[in-house]
Structure formats: C-alpha cells, structure tokens
Amino acid sequence: MSVKSRSSAKASKNPRRPFAPAVLAEARILADQYQVVMLFEDNCWYGRGLELPLVFGDGATPEACIKDTRQAFVLAAATLLEAGERPPAPATAGHRTEQVNVRLTAEEKLLLEASARRKGFSGLSDFIRAAAVEATR
C-alpha cells in the first residue's frame, strides 16, 4: 500500500474529518427539506426527523431546536451519501415507500375492484388509498 493510499484509508476512518464540499452541499439541500417533529418536555424542546426518525436535536427554544435538528439531518445525510447510500427523499416529494397489506375475502376484492373501475381508478391500490385518505379529511 502506498503512503497516499494509507493516508486516504486512515482519513476515511477518522470520524472528525470534514465531509467533501459536494457531499455537504447535497446533504444541506436535503436537510432543508426534511420535516422536524418537535416535543416540549422537561423545559426543553426535542426534535426528530419525519424522514429520519432516529436523528435528534434539542434546544431551549423551538427555533434553537429546529436549527440543532437540521444540523443533525445534514450530518446524517452526508454520512449516508459518503457511504454511497441514498438518504430518504423528503416526505413532501410524495414518494410512496410504505406498504400495508390487507386481507380480503374473494367477494370483497371483487366488489372493490368493480368500484375502482367504475370510479376510473387504474388499480385497486389507488382506489383504496384515495378512499382512505378522503375518509380522514
């Protein structure tokens, strides 16, 4: 292993080294789009990510909490990007990543499929999703 290779390998294992500027810039763009979920408890604000639920921040004020949580988002997203992984898309992008399984009788499935076709839906999933979302409004 060359001296350069050894120093590169050593640098990549050092958790205190800075991220590459391009990685950090992309991470900041993503972090600004992530949603912060906050909770006030024991005279402190705590924040976590909707898209990154295991990333946390805190602060004495809501503004400080949001700032701290967004900084944590940047570091988490940069770490994922640097590792060659793709951080989650912002929730506002509307990417459907969650799945729910529902068991139906054969008759229920036929009834739902017929209703979906009558209402112009291309598939049963879209019909059920639209009906469920509408029922929550």
# chains A, B, ... in the order shown; residues from 1 in each chain; ligands from 1
$ residues_around --residues "stretch 75-81 of chain A" --least-positions-apart "2" --cutoff "9 Å" --atoms "only C-alpha atoms" --output "NGL selection string"
:A and (19-20 or 23-28 or 30-31 or 52 or 55 or 70-73 or 83-88)
$ select_by_dssp --residues "stretch 33-136 of chain A" --states "helix (DSSP H, G or I)" --output "VMD selection string"
chain A and resid 33 62 to 82 91 to 93 106 to 118 124 to 136
$ atom_distance --atom1 "atom CA of A:Val37" --atom2 "atom CA of A:Ile66"
9.0 Å
$ residues_around --residues "A:Met38" --least-positions-apart "5" --cutoff "10 Å" --atoms "only C-alpha atoms" --output "list in words"
Trp45, Tyr46, Gly47, Arg48, Gly49, Leu50, Phe56, Gly57, Asp58, Pro62, Cys65, Ile66 and Thr69 of chain A
$ atom_distance --atom1 "atom CA of A:Val74" --atom2 "atom CA of A:Tyr34"
9.9 Å
$ select_by_dssp --residues "chain A" --states "strand (DSSP E or B)" --output "PyMOL selection string"
chain A and resi 36-41+44-49+56-59
$ write_last_selection --atoms "N, CA, C and O atoms" --output "compact mmCIF listing (two decimals), in the first residue's frame"
# COMPACT_ATOMS: atom_id res chain seq x y z
N VAL A 36 -39.32 18.49 10.60
CA VAL A 36 -38.94 18.34 12.00
C VAL A 36 -40.21 18.11 12.82
O VAL A 36 -41.17 18.86 12.72
N VAL A 37 -40.18 17.07 13.63
CA VAL A 37 -41.27 16.78 14.56
C VAL A 37 -40.75 17.15 15.94
O VAL A 37 -39.71 16.66 16.37
N MET A 38 -41.46 18.06 16.64
CA MET A 38 -40.96 18.55 17.93
C MET A 38 -41.87 18.18 19.10
O MET A 38 -43.07 18.01 18.93
N LEU A 39 -41.23 18.11 20.26
CA LEU A 39 -41.92 17.80 21.50
C LEU A 39 -41.30 18.66 22.60
O LEU A 39 -40.07 18.80 22.66
N PHE A 40 -42.14 19.25 23.44
CA PHE A 40 -41.65 20.04 24.58
C PHE A 40 -41.82 19.21 25.83
O PHE A 40 -42.92 18.78 26.17
N GLU A 41 -40.70 18.95 26.51
CA GLU A 41 -40.74 18.12 27.70
C GLU A 41 -39.62 18.54 28.64
O GLU A 41 -38.49 18.79 28.18
N CYS A 44 -37.54 21.69 27.80
CA CYS A 44 -36.64 21.66 26.65
C CYS A 44 -37.42 21.19 25.43
O CYS A 44 -38.36 20.41 25.54
N TRP A 45 -37.04 21.71 24.29
CA TRP A 45 -37.62 21.27 23.02
C TRP A 45 -36.76 20.17 22.44
O TRP A 45 -35.53 20.27 22.41
N TYR A 46 -37.40 19.10 21.98
CA TYR A 46 -36.71 17.98 21.35
C TYR A 46 -37.26 17.83 19.94
O TYR A 46 -38.47 17.90 19.72
N GLY A 47 -36.37 17.61 19.00
CA GLY A 47 -36.79 17.43 17.62
C GLY A 47 -36.26 16.13 17.06
O GLY A 47 -35.21 15.63 17.48
N ARG A 48 -36.99 15.59 16.11
CA ARG A 48 -36.55 14.40 15.39
C ARG A 48 -37.02 14.55 13.96
O ARG A 48 -37.85 15.41 13.65
N GLY A 49 -36.53 13.72 13.10
CA GLY A 49 -36.92 13.81 11.70
C GLY A 49 -38.10 12.94 11.38
O GLY A 49 -38.23 11.84 11.91
N PHE A 56 -31.91 13.15 16.02
CA PHE A 56 -32.49 14.02 17.03
C PHE A 56 -31.71 15.32 17.19
O PHE A 56 -30.53 15.39 16.89
N GLY A 57 -32.39 16.31 17.71
CA GLY A 57 -31.78 17.57 18.10
C GLY A 57 -32.56 18.11 19.29
O GLY A 57 -33.60 17.57 19.66
N ASP A 58 -32.05 19.18 19.89
CA ASP A 58 -32.77 19.79 21.01
C ASP A 58 -32.42 21.27 21.08
O ASP A 58 -31.54 21.75 20.38
N GLY A 59 -33.13 21.98 21.95
CA GLY A 59 -32.88 23.39 22.13
C GLY A 59 -33.78 23.99 23.18
O GLY A 59 -34.84 23.43 23.50
$ atom_distance --atom1 "atom CA of A:Glu51" --atom2 "atom CA of A:Ala89"
7.4 Å
